[in-house]
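As provided, upload29.csv (CSV, C-alpha atoms and all ligand atoms) reads as follows.
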chain,number,residue,atom,x,y,z
X,1,MET,CA,84.9,105.9,81.4
X,2,ARG,CA,82.9,105.5,84.7
X,3,GLN,CA,81.2,108.6,85.9
X,4,ASN,CA,82.2,109.9,89.3
X,5,VAL,CA,78.8,109.7,91.1
X,6,LEU,CA,79.9,111.4,94.2
X,7,GLY,CA,79.8,115.2,94.8
X,8,PRO,CA,83.0,117.1,95.3
X,9,ARG,CA,82.4,117.3,99.0
X,10,ALA,CA,82.7,113.6,99.4
X,11,VAL,CA,86.2,113.4,97.8
X,12,PRO,CA,88.8,112.8,100.5
X,13,GLU,CA,90.5,116.1,101.2
X,14,THR,CA,93.9,114.6,101.1
X,15,ALA,CA,93.3,112.2,98.3
X,16,ALA,CA,96.5,111.1,96.7
X,17,PRO,CA,97.3,112.5,93.2
X,18,SER,CA,96.5,110.1,90.4
X,19,PRO,CA,99.3,108.0,89.0
X,20,ASP,CA,99.4,110.4,86.1
X,21,GLN,CA,100.6,113.1,88.5
X,22,VAL,CA,103.5,111.3,89.9
X,23,ASP,CA,106.3,113.7,89.1
X,24,GLY,CA,108.1,114.4,92.4
X,25,SER,CA,106.4,111.5,94.0
X,26,VAL,CA,108.3,109.3,96.4
X,27,LEU,CA,106.2,106.2,95.7
X,28,ALA,CA,103.9,105.7,92.7
X,29,VAL,CA,102.2,102.3,92.6
X,30,GLU,CA,99.5,101.1,90.2
X,31,GLY,CA,98.0,97.7,90.1
X,32,LEU,CA,100.3,96.0,92.5
X,33,ARG,CA,99.5,92.3,93.0
X,34,VAL,CA,101.1,89.5,95.0
X,35,ARG,CA,100.4,85.8,94.9
X,36,TYR,CA,102.2,83.4,97.3
X,37,PRO,CA,103.2,80.0,96.0
X,38,GLY,CA,100.4,77.5,96.0
X,39,ALA,CA,97.8,80.1,97.1
X,40,SER,CA,94.4,79.9,95.3
X,41,ALA,CA,94.1,83.7,95.4
X,42,GLU,CA,96.2,86.8,95.3
X,43,ALA,CA,97.2,88.1,98.8
X,44,ILE,CA,96.9,91.6,97.5
X,45,SER,CA,95.1,92.8,94.4
X,46,ASP,CA,95.3,96.0,92.4
X,47,ILE,CA,96.9,98.2,95.0
X,48,SER,CA,97.4,101.7,93.7
X,49,THR,CA,98.6,104.7,95.6
X,50,VAL,CA,100.9,107.7,95.3
X,51,LEU,CA,103.0,109.2,98.2
X,52,ALA,CA,104.7,112.5,97.9
X,53,ALA,CA,107.7,113.6,100.1
X,54,GLY,CA,106.4,114.3,103.6
X,55,ASP,CA,103.2,112.3,103.2
X,56,ARG,CA,102.3,110.2,106.2
X,57,VAL,CA,99.9,107.4,105.2
X,58,ALA,CA,98.4,104.7,107.3
X,59,LEU,CA,97.6,101.2,105.9
X,60,VAL,CA,95.1,99.6,108.2
X,61,GLY,CA,93.0,96.5,108.3
X,62,GLU,CA,92.8,93.4,110.3
X,63,SER,CA,95.0,90.4,110.4
X,64,GLY,CA,95.3,88.8,107.0
X,65,SER,CA,94.1,91.8,105.0
X,66,GLY,CA,97.4,92.1,103.2
X,67,LYS,CA,99.1,95.0,104.9
X,68,SER,CA,102.5,93.3,105.5
X,69,THR,CA,102.5,91.9,102.0
X,70,THR,CA,102.0,95.4,100.6
X,71,GLY,CA,104.8,96.7,102.7
X,72,LEU,CA,107.2,93.9,101.8
X,73,ALA,CA,106.4,94.2,98.1
X,74,VAL,CA,107.2,97.9,98.2
X,75,GLY,CA,110.3,97.3,100.3
X,76,GLY,CA,111.5,94.5,98.0
X,77,LEU,CA,111.5,91.9,100.8
X,78,LEU,CA,108.9,89.4,99.7
X,79,PRO,CA,109.9,85.7,99.8
X,80,ARG,CA,111.8,84.8,96.7
X,81,ASP,CA,109.0,82.5,95.4
X,82,ALA,CA,106.2,85.0,95.7
X,83,GLU,CA,104.8,86.3,92.3
X,84,VAL,CA,104.6,90.1,92.2
X,85,THR,CA,103.4,92.2,89.4
X,86,ALA,CA,102.4,95.8,88.9
X,87,ASP,CA,101.3,98.1,86.1
X,88,ARG,CA,103.5,100.8,87.4
X,89,PHE,CA,106.0,100.9,90.3
X,90,ALA,CA,108.3,103.8,90.8
X,91,ILE,CA,110.3,105.1,93.8
X,92,ASP,CA,111.4,108.7,93.7
X,93,GLY,CA,110.3,108.8,90.1
X,94,ARG,CA,112.5,105.9,89.1
X,95,PRO,CA,110.8,102.8,87.8
X,96,GLN,CA,111.7,99.8,89.9
X,97,PRO,CA,112.2,96.2,88.8
X,98,LEU,CA,109.8,93.8,90.3
X,99,MET,CA,111.3,90.5,91.5
X,100,ALA,CA,110.8,87.6,89.1
X,101,PRO,CA,110.0,84.3,90.7
X,102,GLY,CA,113.3,82.7,91.9
X,103,VAL,CA,115.1,86.0,92.1
X,104,LEU,CA,116.6,86.7,95.5
X,105,PRO,CA,114.7,89.6,97.1
X,106,ARG,CA,116.8,92.7,97.7
X,107,ARG,CA,116.1,95.6,99.9
X,108,ARG,CA,115.5,98.8,97.9
X,109,PRO,CA,118.2,101.2,99.0
X,110,ASP,CA,115.8,104.2,99.2
X,111,VAL,CA,113.3,102.4,101.4
X,112,SER,CA,113.8,101.6,105.0
X,113,MET,CA,111.5,99.3,107.0
X,114,VAL,CA,110.8,99.2,110.7
X,115,PHE,CA,109.2,96.0,112.0
X,116,GLN,CA,107.5,95.0,115.2
X,117,ASP,CA,110.1,92.6,116.4
X,118,ALA,CA,113.4,94.4,116.8
X,119,MET,CA,115.0,91.4,118.3
X,120,THR,CA,114.7,89.3,115.2
X,121,CYS,CA,115.6,92.2,112.8
X,122,LEU,CA,118.8,93.3,114.6
X,123,ASP,CA,121.9,91.1,114.3
X,124,PRO,CA,122.0,89.3,117.6
X,125,VAL,CA,125.8,88.9,117.7
X,126,SER,CA,127.0,92.4,116.6
X,127,THR,CA,127.0,95.4,118.9
X,128,ILE,CA,124.6,98.2,118.2
X,129,GLY,CA,127.6,100.4,117.3
X,130,THR,CA,128.8,98.0,114.6
X,131,GLN,CA,125.3,97.7,113.1
X,132,LEU,CA,124.7,101.4,113.0
X,133,ARG,CA,128.2,102.2,111.6
X,134,THR,CA,127.8,99.6,108.9
X,135,VAL,CA,124.5,101.1,107.7
X,136,LEU,CA,125.9,104.6,107.9
X,137,ARG,CA,129.0,103.6,105.9
X,138,ASP,CA,127.1,101.5,103.3
X,139,ALA,CA,124.2,103.9,102.8
X,140,THR,CA,125.9,107.3,103.1
X,141,GLY,CA,129.5,106.7,102.2
X,142,ALA,CA,130.6,108.0,105.6
X,143,SER,CA,134.2,107.4,106.6
X,144,ARG,CA,135.0,105.2,109.6
X,145,ALA,CA,135.5,108.2,111.8
X,146,GLU,CA,132.4,110.0,110.5
X,147,ALA,CA,130.3,106.9,111.0
X,148,LYS,CA,131.5,106.7,114.6
X,149,VAL,CA,130.4,110.2,115.4
X,150,ARG,CA,127.1,110.0,113.6
X,151,ALA,CA,126.2,106.7,115.2
X,152,ALA,CA,126.3,108.4,118.6
X,153,GLU,CA,124.4,111.4,117.2
X,154,TRP,CA,121.7,109.1,116.0
X,155,LEU,CA,121.3,107.4,119.3
X,156,ARG,CA,120.9,110.7,121.0
X,157,ARG,CA,118.3,111.6,118.4
X,158,VAL,CA,116.2,108.6,119.3
X,159,GLY,CA,116.5,109.5,123.0
X,160,LEU,CA,119.2,107.0,123.9
X,161,ASP,CA,121.7,109.4,125.7
X,162,ASP,CA,123.8,106.7,127.3
X,163,THR,CA,125.5,106.3,123.9
X,164,VAL,CA,128.7,104.6,125.0
X,165,ARG,CA,126.9,101.8,126.8
X,166,VAL,CA,124.3,101.4,124.0
X,167,LEU,CA,126.9,101.4,121.2
X,168,GLY,CA,128.8,98.7,123.0
X,169,SER,CA,125.7,96.5,123.7
X,170,ARG,CA,124.2,93.6,121.8
X,171,PRO,CA,120.5,93.7,121.2
X,172,TYR,CA,119.6,91.2,124.0
X,173,GLU,CA,121.3,93.5,126.5
X,174,LEU,CA,118.7,96.3,125.8
X,175,SER,CA,115.1,96.6,126.8
X,176,GLY,CA,112.3,96.2,124.2
X,177,GLY,CA,111.7,100.0,124.0
X,178,MET,CA,115.4,100.7,123.6
X,179,ARG,CA,115.8,98.1,120.8
X,180,GLN,CA,112.8,99.7,119.0
X,181,ARG,CA,114.6,103.1,119.2
X,182,VAL,CA,117.8,101.5,117.9
X,183,MET,CA,115.8,100.1,115.0
X,184,ILE,CA,114.3,103.5,114.3
X,185,ALA,CA,117.8,105.0,114.3
X,186,ILE,CA,119.1,102.3,111.9
X,187,ALA,CA,116.1,102.8,109.6
X,188,LEU,CA,116.4,106.6,109.4
X,189,CYS,CA,120.2,107.0,109.4
X,190,SER,CA,120.4,105.7,105.8
X,191,ARG,CA,118.5,108.8,104.6
X,192,PRO,CA,115.6,106.8,103.0
X,193,ARG,CA,113.0,108.5,100.8
X,194,LEU,CA,110.3,106.2,102.1
X,195,VAL,CA,110.0,104.6,105.6
X,196,ILE,CA,107.6,101.6,105.9
X,197,ALA,CA,106.8,100.8,109.5
X,198,ASP,CA,105.0,97.5,109.9
X,199,GLU,CA,103.3,97.3,113.3
X,200,PRO,CA,106.3,99.2,114.7
X,201,THR,CA,104.9,99.5,118.2
X,202,SER,CA,102.8,96.4,118.7
X,203,ALA,CA,105.3,94.8,121.0
X,204,LEU,CA,105.3,97.8,123.3
X,205,ASP,CA,102.9,98.8,126.0
X,206,ALA,CA,100.4,101.6,125.2
X,207,SER,CA,102.5,104.5,126.5
X,208,LEU,CA,105.8,103.3,125.0
X,209,ALA,CA,103.9,102.7,121.7
X,210,ARG,CA,102.7,106.3,121.6
X,211,GLN,CA,106.2,107.6,122.4
X,212,ALA,CA,107.8,105.5,119.7
X,213,MET,CA,105.1,106.5,117.2
X,214,GLY,CA,105.7,110.1,118.0
X,215,LEU,CA,109.5,109.7,117.7
X,216,LEU,CA,109.3,107.9,114.4
X,217,THR,CA,106.9,110.3,112.8
X,218,ASP,CA,108.9,113.4,114.1
X,219,LEU,CA,112.1,112.0,112.6
X,220,VAL,CA,110.5,111.1,109.3
X,221,ARG,CA,109.0,114.6,109.1
X,222,GLU,CA,112.4,116.2,109.8
X,223,SER,CA,114.0,114.0,107.1
X,224,GLY,CA,111.4,114.9,104.5
X,225,ALA,CA,110.8,111.3,103.6
X,226,ALA,CA,107.4,109.8,103.1
X,227,MET,CA,106.0,107.2,105.5
X,228,LEU,CA,103.7,104.2,105.2
X,229,MET,CA,102.5,103.2,108.6
X,230,ILE,CA,101.1,99.7,108.8
X,231,SER,CA,98.9,98.8,111.8
X,232,HIS,CA,95.8,97.0,112.9
X,233,ASP,CA,95.3,99.9,115.3
X,234,ILE,CA,93.2,102.3,113.2
X,235,ASP,CA,93.0,105.1,115.8
X,236,LEU,CA,96.7,105.1,116.7
X,237,CYS,CA,97.6,105.2,113.1
X,238,ALA,CA,95.2,108.0,112.3
X,239,GLU,CA,96.7,110.1,115.1
X,240,PHE,CA,100.1,110.0,113.5
X,241,THR,CA,99.3,110.2,109.8
X,242,ASP,CA,97.5,112.4,107.3
X,243,ARG,CA,95.7,109.8,105.3
X,244,VAL,CA,94.3,106.3,106.0
X,245,LEU,CA,94.1,103.5,103.5
X,246,VAL,CA,91.8,100.7,104.7
X,247,MET,CA,92.4,97.2,103.4
X,248,TYR,CA,90.1,94.3,103.3
X,249,ALA,CA,90.9,90.9,101.8
X,250,GLY,CA,93.9,92.2,99.8
X,251,ARG,CA,92.2,95.3,98.4
X,252,ILE,CA,92.1,99.0,99.4
X,253,VAL,CA,88.4,99.6,100.2
X,254,GLU,CA,88.6,103.1,101.4
X,255,GLU,CA,90.9,106.1,101.5
X,256,VAL,CA,90.1,108.9,103.9
X,257,ALA,CA,91.8,111.9,105.5
X,258,SER,CA,93.0,110.9,109.0
X,259,GLU,CA,91.4,113.9,110.7
X,260,ARG,CA,88.0,113.0,109.1
X,261,LEU,CA,88.2,109.3,109.8
X,262,HIS,CA,85.5,109.2,112.4
X,263,THR,CA,83.2,111.6,110.6
X,264,ALA,CA,83.7,110.9,106.9
X,265,ALA,CA,84.6,107.2,106.7
X,266,ALA,CA,81.8,105.7,104.6
X,267,HIS,CA,82.6,102.1,103.7
X,268,PRO,CA,80.6,99.6,105.8
X,269,TYR,CA,83.8,97.8,106.7
X,270,THR,CA,85.6,100.9,107.8
X,271,ARG,CA,82.6,102.0,109.9
X,272,GLY,CA,82.5,98.5,111.4
X,273,LEU,CA,86.2,98.6,112.1
X,274,LEU,CA,85.8,101.9,113.9
X,275,ALA,CA,82.8,100.7,115.9
X,276,SER,CA,84.7,97.6,117.1
X,277,VAL,CA,87.8,99.5,118.3
X,278,PRO,CA,86.9,99.5,122.1
X,279,THR,CA,86.4,95.7,122.0
X,280,LEU,CA,89.6,94.7,120.3
X,281,ALA,CA,90.9,93.0,123.4
X,282,GLY,CA,87.7,91.1,123.8
X,283,ALA,CA,84.9,90.2,121.4
X,284,GLY,CA,86.7,92.1,118.6
X,285,ALA,CA,89.7,89.9,118.9
X,286,GLU,CA,87.6,86.8,118.4
X,287,TRP,CA,86.1,88.4,115.3
X,288,LEU,CA,89.6,89.3,114.0
X,289,SER,CA,90.7,85.7,114.0
X,290,ALA,CA,87.7,84.9,111.9
X,291,ILE,CA,88.5,87.2,109.0
X,292,PRO,CA,88.4,85.2,105.9
X,293,ALA,CA,91.4,85.1,103.6
X,294,PRO,CA,90.8,86.2,100.0
X,295,THR,CA,89.4,83.2,98.1
X,296,GLY,CA,89.7,84.6,94.7
X,297,GLU,CA,86.4,82.8,93.8
X,298,SER,CA,83.9,85.6,94.1
X,299,GLY,CA,85.1,88.3,91.7
X,300,GLY,CA,82.7,90.6,93.6
X,301,CYS,CA,83.0,92.6,96.8
X,302,ASP,CA,84.8,90.4,99.3
X,303,PHE,CA,82.9,91.9,102.2
X,304,ARG,CA,79.5,90.9,100.9
X,305,ALA,CA,79.1,87.7,102.9
X,306,ARG,CA,78.9,89.8,106.0
X,307,CYS,CA,77.6,93.1,104.8
X,308,ARG,CA,74.0,94.2,105.7
X,309,TYR,CA,73.8,96.4,102.6
X,310,ALA,CA,74.8,93.7,100.1
X,311,THR,CA,72.6,93.3,97.0
X,312,ASP,CA,72.9,91.3,93.8
X,313,ARG,CA,75.0,94.1,92.3
X,314,CYS,CA,77.7,93.3,94.9
X,315,ALA,CA,78.6,90.2,93.0
X,316,GLU,CA,80.4,92.7,90.7
X,317,LEU,CA,83.6,94.3,92.2
X,318,PRO,CA,82.9,98.0,92.9
X,319,PRO,CA,85.5,100.4,91.7
X,320,LEU,CA,87.4,102.6,94.2
X,321,GLU,CA,85.7,105.9,93.4
X,322,ALA,CA,86.2,109.1,95.4
X,323,GLY,CA,88.0,107.1,97.9
X,324,VAL,CA,85.4,104.4,98.6
X,325,ARG,CA,84.9,100.9,97.1
X,326,CYS,CA,81.3,100.2,97.7
X,327,TRP,CA,78.1,100.3,95.6
X,328,HIS,CA,75.9,101.2,98.6
X,329,THR,CA,78.0,104.1,99.7
X,330,ALA,CA,78.1,105.4,96.1
X,331,ASP,CA,74.3,105.3,96.0
X,332,VAL,CA,73.9,107.0,99.3
X,333,LEU,CA,76.4,109.8,98.5
X,334,ALA,CA,74.8,110.3,95.0
X,335,ALA,CA,71.3,110.7,96.4
X,336,PRO,CA,70.0,114.2,95.9
X,337,GLY,CA,70.6,116.4,98.9
X,338,ALA,CA,73.0,113.9,100.5
X,339,ALA,CA,74.9,116.2,102.9
X,340,ALA,CA,77.4,113.7,104.3
X,341,PRO,CA,78.3,110.1,104.0
X,342,ALA,CA,75.2,108.7,105.7
X,343,VAL,CA,76.0,105.1,106.0
X,344,PRO,CA,75.0,104.1,109.6
X,345,PRO,CA,77.9,102.4,111.3
X,346,PRO,CA,77.3,98.6,111.7
X,347,SER,CA,78.9,97.3,114.7
X,348,LEU,CA,81.1,94.3,114.0
X,349,ARG,CA,79.8,92.9,117.2
X,350,GLU,CA,76.5,92.5,115.4
X,351,ILE,CA,78.1,90.2,112.9
X,352,SER,CA,77.9,86.7,114.2
X,353,LEU,CA,80.7,84.3,113.5
X,354,GLU,CA,78.1,82.0,111.9
X,355,GLU,CA,77.9,84.6,109.1
X,356,VAL,CA,81.6,84.3,108.3
X,357,PRO,CA,82.1,81.8,105.5
X,358,ALA,CA,84.5,79.0,106.3
S,1,LIG,N1,104.9,84.0,103.3
S,1,LIG,C1,103.6,83.7,103.0
S,1,LIG,N2,103.3,82.6,102.3
S,1,LIG,C2,102.0,82.3,102.0
S,1,LIG,N3,100.9,83.1,102.3
S,1,LIG,C3,101.2,84.2,103.0
S,1,LIG,C4,102.5,84.6,103.4
S,1,LIG,N4,102.5,85.7,104.1
S,1,LIG,C5,101.2,86.1,104.1
S,1,LIG,N5,100.4,85.2,103.5
S,1,LIG,C6,99.0,85.3,103.3
S,1,LIG,O1,98.7,86.5,102.6
S,1,LIG,C7,97.5,87.1,103.1
S,1,LIG,C8,97.9,88.5,103.6
S,1,LIG,O2,98.8,88.4,104.7
S,1,LIG,P1,99.5,89.6,105.4
S,1,LIG,O3,100.0,90.5,104.3
S,1,LIG,O4,100.5,89.1,106.3
S,1,LIG,O5,98.3,90.3,106.1
S,1,LIG,P2,98.4,91.4,107.3
S,1,LIG,O6,99.8,92.0,107.4
S,1,LIG,O7,97.3,92.4,107.0
S,1,LIG,O8,98.0,90.6,108.6
S,1,LIG,C9,97.0,86.2,104.2
S,1,LIG,O9,96.0,85.4,103.6
S,1,LIG,C10,98.2,85.4,104.6
S,1,LIG,O10,97.8,84.1,105.1
S,2,LIG,S1,77.2,97.2,99.9
S,2,LIG,FE1,78.0,95.7,98.5
S,2,LIG,S2,79.9,96.7,97.7
S,2,LIG,FE2,79.3,97.8,99.6
S,2,LIG,S3,80.6,96.8,101.2
S,2,LIG,FE3,78.5,95.9,101.1
S,2,LIG,S4,78.8,94.1,99.8
S,2,LIG,FE4,80.5,95.4,99.4
S,3,MG,MG,101.1,92.0,109.1
Just give me the structure as structure tokens.
Ligand SMILES: Nc1ncnc2c1ncn2[C@@H]1O[C@H](COP(=O)(O)OP(=O)(O)O)[C@@H](O)[C@H]1O
Ligand code: SF4
Ligand SMILES: [Mg+2]
Amino acid sequence: MRQNVLGPRAVPETAAPSPDQVDGSVLAVEGLRVRYPGASAEAISDISTVLAAGDRVALVGESGSGKSTTGLAVGGLLPRDAEVTADRFAIDGRPQPLMAPGVLPRRRPDVSMVFQDAMTCLDPVSTIGTQLRTVLRDATGASRAEAKVRAAEWLRRVGLDDTVRVLGSRPYELSGGMRQRVMIAIALCSRPRLVIADEPTSALDASLARQAMGLLTDLVRESGAAMLMISHDIDLCAEFTDRVLVMYAGRIVEEVASERLHTAAAHPYTRGLLASVPTLAGAGAEWLSAIPAPTGESGGCDFRARCRYATDRCAELPPLEAGVRCWHTADVLAAPGAAAPAVPPPSLREISLEEVPA
């Protein structure tokens, strides 16, 4: 058994319970892995986490890091030919079957998903009223009359007071912000135990995005469900969640309490991600497009080709200990008298594209 080399102060305050303590958990995942057909490497490797009722957890990382794959695997919506395995996978304490290759994916009834593009998720030819009533009747057993009343109630809850018009509209007749609210209503009205929101506000402008995030998190909190918020926007996510999981190349590399993100994040990649936030629309965006996909060749830390702290030891995969998967951070925190995670933040702007392996 590996020793925990970090002092108690360094352990994330809101660290998830271990998978041994999953009684009452909404989601308990251990060793989740996904490989797409023909891919040389797993898209996600060894993802483990536990969410309790009411937990609001962010999954952040740049494009290609495996966030959506994680969400789709948990929601049971991966393509039918993807290979998915896990050592343990339970929702609301009930073990869930993983899809075998070739088995048609099915949405898990206790899990709702909200996606970025409401236009492609909503049925383009049915009215909003029909779609809401169908979900209400299927998921909650509501009668036709009850579903009609509740559909209007749900629209009001998401701030769409012109219920008669919205219920009679088809998706293309609504604005992007209204469609996103409708999708939130549809996701929540089935009384899910877990809500997975994958870039739910990326199609909206900054102020509408913040409103929609606030609405979604308020409704999830009222319902008592857990929430997994997926986004590349680390600061927006942290604002609306309690805990942040940072992904790089298909693995969780750091877990940190949202309120301590800027002061306690210790992994060199997380520090770089935070340092690059103001430039996401400019130089950062160029860097994002250069993120290497997992190659599956190294077996070591996937970040080492671009990490200023890398040593020979990084050819071996570091464990996720006390919330951080990094040999250097573990050494820093284990040093006598270390008062705080002392990894100086490298700016991603300092990492030239030439350093990124092809
Ligand atoms: N349907 C798919 N088929 C094959 N590869 C995929 C598919 N979806 C995603 N991938 C690959 O899996 C990795 C993770 O992608 P994804 O989960 O979409 O990341 P993120 O949501 O963080 O941008 C990437 O290398 C991506 O190219
Ligand atoms: S120091 Fe090593 S283990 Fe830590 S992020 Fe850098 S390459 Fe990875
Ligand atoms: Mg994605």
Using only C-alpha atoms and all ligand atoms, what table do you get, as a Markdown table, when you list each residue of chain X with an atom no more than 12 Å from ligand MG 3 (chain S), its nearest pair of atoms, and their distance in Å rounded to one decimal, rows by chain then rising number?
| residue | atom | partner | partner_atom | distance |
| --- | --- | --- | --- | --- |
| X:Ala43 | CA | S:MG3 | MG | 11.7 |
| X:Leu59 | CA | S:MG3 | MG | 10.4 |
| X:Val60 | CA | S:MG3 | MG | 9.7 |
| X:Gly61 | CA | S:MG3 | MG | 9.3 |
| X:Glu62 | CA | S:MG3 | MG | 8.5 |
| X:Ser63 | CA | S:MG3 | MG | 6.4 |
| X:Gly64 | CA | S:MG3 | MG | 6.9 |
| X:Ser65 | CA | S:MG3 | MG | 8.1 |
| X:Gly66 | CA | S:MG3 | MG | 7.0 |
| X:Lys67 | CA | S:MG3 | MG | 5.5 |
| X:Ser68 | CA | S:MG3 | MG | 4.1 |
| X:Thr69 | CA | S:MG3 | MG | 7.2 |
| X:Thr70 | CA | S:MG3 | MG | 9.2 |
| X:Gly71 | CA | S:MG3 | MG | 8.8 |
| X:Leu72 | CA | S:MG3 | MG | 9.7 |
| X:Phe115 | CA | S:MG3 | MG | 9.5 |
| X:Gln116 | CA | S:MG3 | MG | 9.3 |
| X:Asp117 | CA | S:MG3 | MG | 11.6 |
| X:Ala197 | CA | S:MG3 | MG | 10.5 |
| X:Asp198 | CA | S:MG3 | MG | 6.8 |
| X:Glu199 | CA | S:MG3 | MG | 7.1 |
| X:Pro200 | CA | S:MG3 | MG | 10.5 |
| X:Ser202 | CA | S:MG3 | MG | 10.7 |
| X:Met229 | CA | S:MG3 | MG | 11.3 |
| X:Ile230 | CA | S:MG3 | MG | 7.7 |
| X:Ser231 | CA | S:MG3 | MG | 7.6 |
| X:His232 | CA | S:MG3 | MG | 8.2 |
| X:Asp233 | CA | S:MG3 | MG | 11.6 |
| X:Met247 | CA | S:MG3 | MG | 11.6 |
| X:Gly250 | CA | S:MG3 | MG | 11.8 |
query = Hey, what's within 7 Å of Ala226 (chain X) if we count all atoms listed in the file and toss same-chain stuff fewer than 6 positions away? As an MDAnalysis selection string, please?
reply = chainID X and resid 26 51:56 193:195
request  = Name the residues, by chain letter and number, that sit within 7 Å of ligand LIG 2 (chain S) using only C-alpha atoms and all ligand atoms, and give them as number ranges by chain.
outcome  = X: 267-269, 301-304, 307-311, 314, 318, 325-329
message = Here is a test: counting all atoms listed in the file, which residue of X:Leu215, X:Ala322, X:Ala86, X:Ala209 is nearest to Ile44 (chain X)?
response =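 Answer, going by the shortest atom-to-atom distance: X:Ala86.
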ask   = Closest to ligand LIG 1 (chain S) among X:Leu32, X:Val256, X:Ala41, X:Ala264, using all atoms listed in the file?
value = X:Ala41
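Restricting the calculation to all atoms listed in the file, the smallest distance between ligand LIG 1 (chain S) and any of X:Pro319, X:Gly272, X:Gly38, X:Pro101 is found for X:Gly38.
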note = The residue from X:Arg251, X:Arg221, X:Val84, X:Val111 with the smallest atom-to-atom distance to Gly300 (chain X), counting only C-alpha atoms, is X:Arg251
task = Name the closest residue to ligand LIG 1 (chain S) among the candidates X:Arg150, X:Arg80, X:Arg210, X:Arg243; distances are taken between atoms, counting all atoms listed in the file.
result =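 Checking each candidate against ligand LIG 1 (chain S), we get X:Arg80 as the closest.
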ask   = Pick the closest to ligand LIG 1 (chain S) from X:Val74, X:Ala225, X:Met119, X:Ala249: which is it, counting all atoms listed in the file?
value =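 Looking only at the distances to ligand LIG 1 (chain S), the closest residue turns out to be X:Ala249.
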Final N, CA and C atoms of region 94-109 of chain X as a PDB file, keeping the file's coordinate frame:
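Written out: out_24.pdb:
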ATOM      1  N   ARG X  94     111.717 106.882  89.876  1.00  0.00           N
ATOM      2  CA  ARG X  94     112.500 105.900  89.100  1.00  0.00           C
ATOM      3  C   ARG X  94     111.723 104.576  89.046  1.00  0.00           C
ATOM      4  N   PRO X  95     111.409 104.064  87.863  1.00  0.00           N
ATOM      5  CA  PRO X  95     110.800 102.800  87.800  1.00  0.00           C
ATOM      6  C   PRO X  95     111.616 101.695  88.456  1.00  0.00           C
ATOM      7  N   GLN X  96     110.958 100.817  89.194  1.00  0.00           N
ATOM      8  CA  GLN X  96     111.700  99.800  89.900  1.00  0.00           C
ATOM      9  C   GLN X  96     111.434  98.424  89.317  1.00  0.00           C
ATOM     10  N   PRO X  97     112.443  97.589  89.222  1.00  0.00           N
ATOM     11  CA  PRO X  97     112.200  96.200  88.800  1.00  0.00           C
ATOM     12  C   PRO X  97     111.436  95.451  89.821  1.00  0.00           C
ATOM     13  N   LEU X  98     110.468  94.649  89.381  1.00  0.00           N
ATOM     14  CA  LEU X  98     109.800  93.800  90.300  1.00  0.00           C
ATOM     15  C   LEU X  98     110.567  92.440  90.314  1.00  0.00           C
ATOM     16  N   MET X  99     110.521  91.738  91.403  1.00  0.00           N
ATOM     17  CA  MET X  99     111.300  90.500  91.500  1.00  0.00           C
ATOM     18  C   MET X  99     110.596  89.435  90.588  1.00  0.00           C
ATOM     19  N   ALA X 100     111.362  88.773  89.799  1.00  0.00           N
ATOM     20  CA  ALA X 100     110.800  87.600  89.100  1.00  0.00           C
ATOM     21  C   ALA X 100     110.862  86.433  90.043  1.00  0.00           C
ATOM     22  N   PRO X 101     109.952  85.454  89.860  1.00  0.00           N
ATOM     23  CA  PRO X 101     110.000  84.300  90.700  1.00  0.00           C
ATOM     24  C   PRO X 101     111.408  83.680  90.711  1.00  0.00           C
ATOM     25  N   GLY X 102     111.927  83.352  91.865  1.00  0.00           N
ATOM     26  CA  GLY X 102     113.300  82.700  91.900  1.00  0.00           C
ATOM     27  C   GLY X 102     114.383  83.726  92.112  1.00  0.00           C
ATOM     28  N   VAL X 103     114.083  85.015  91.921  1.00  0.00           N
ATOM     29  CA  VAL X 103     115.100  86.000  92.100  1.00  0.00           C
ATOM     30  C   VAL X 103     115.208  86.386  93.572  1.00  0.00           C
ATOM     31  N   LEU X 104     116.395  86.381  94.094  1.00  0.00           N
ATOM     32  CA  LEU X 104     116.600  86.700  95.500  1.00  0.00           C
ATOM     33  C   LEU X 104     116.087  88.111  95.810  1.00  0.00           C
ATOM     34  N   PRO X 105     115.187  88.278  96.795  1.00  0.00           N
ATOM     35  CA  PRO X 105     114.700  89.600  97.100  1.00  0.00           C
ATOM     36  C   PRO X 105     115.860  90.507  97.607  1.00  0.00           C
ATOM     37  N   ARG X 106     115.840  91.763  97.197  1.00  0.00           N
ATOM     38  CA  ARG X 106     116.800  92.700  97.700  1.00  0.00           C
ATOM     39  C   ARG X 106     116.141  93.920  98.240  1.00  0.00           C
ATOM     40  N   ARG X 107     116.639  94.389  99.357  1.00  0.00           N
ATOM     41  CA  ARG X 107     116.100  95.600  99.900  1.00  0.00           C
ATOM     42  C   ARG X 107     116.294  96.748  98.945  1.00  0.00           C
ATOM     43  N   ARG X 108     115.290  97.591  98.789  1.00  0.00           N
ATOM     44  CA  ARG X 108     115.500  98.800  97.900  1.00  0.00           C
ATOM     45  C   ARG X 108     116.249  99.811  98.752  1.00  0.00           C
ATOM     46  N   PRO X 109     117.317 100.352  98.210  1.00  0.00           N
ATOM     47  CA  PRO X 109     118.200 101.200  99.000  1.00  0.00           C
ATOM     48  C   PRO X 109     117.456 102.499  99.505  1.00  0.00           C
TER      49      PRO X 109
END
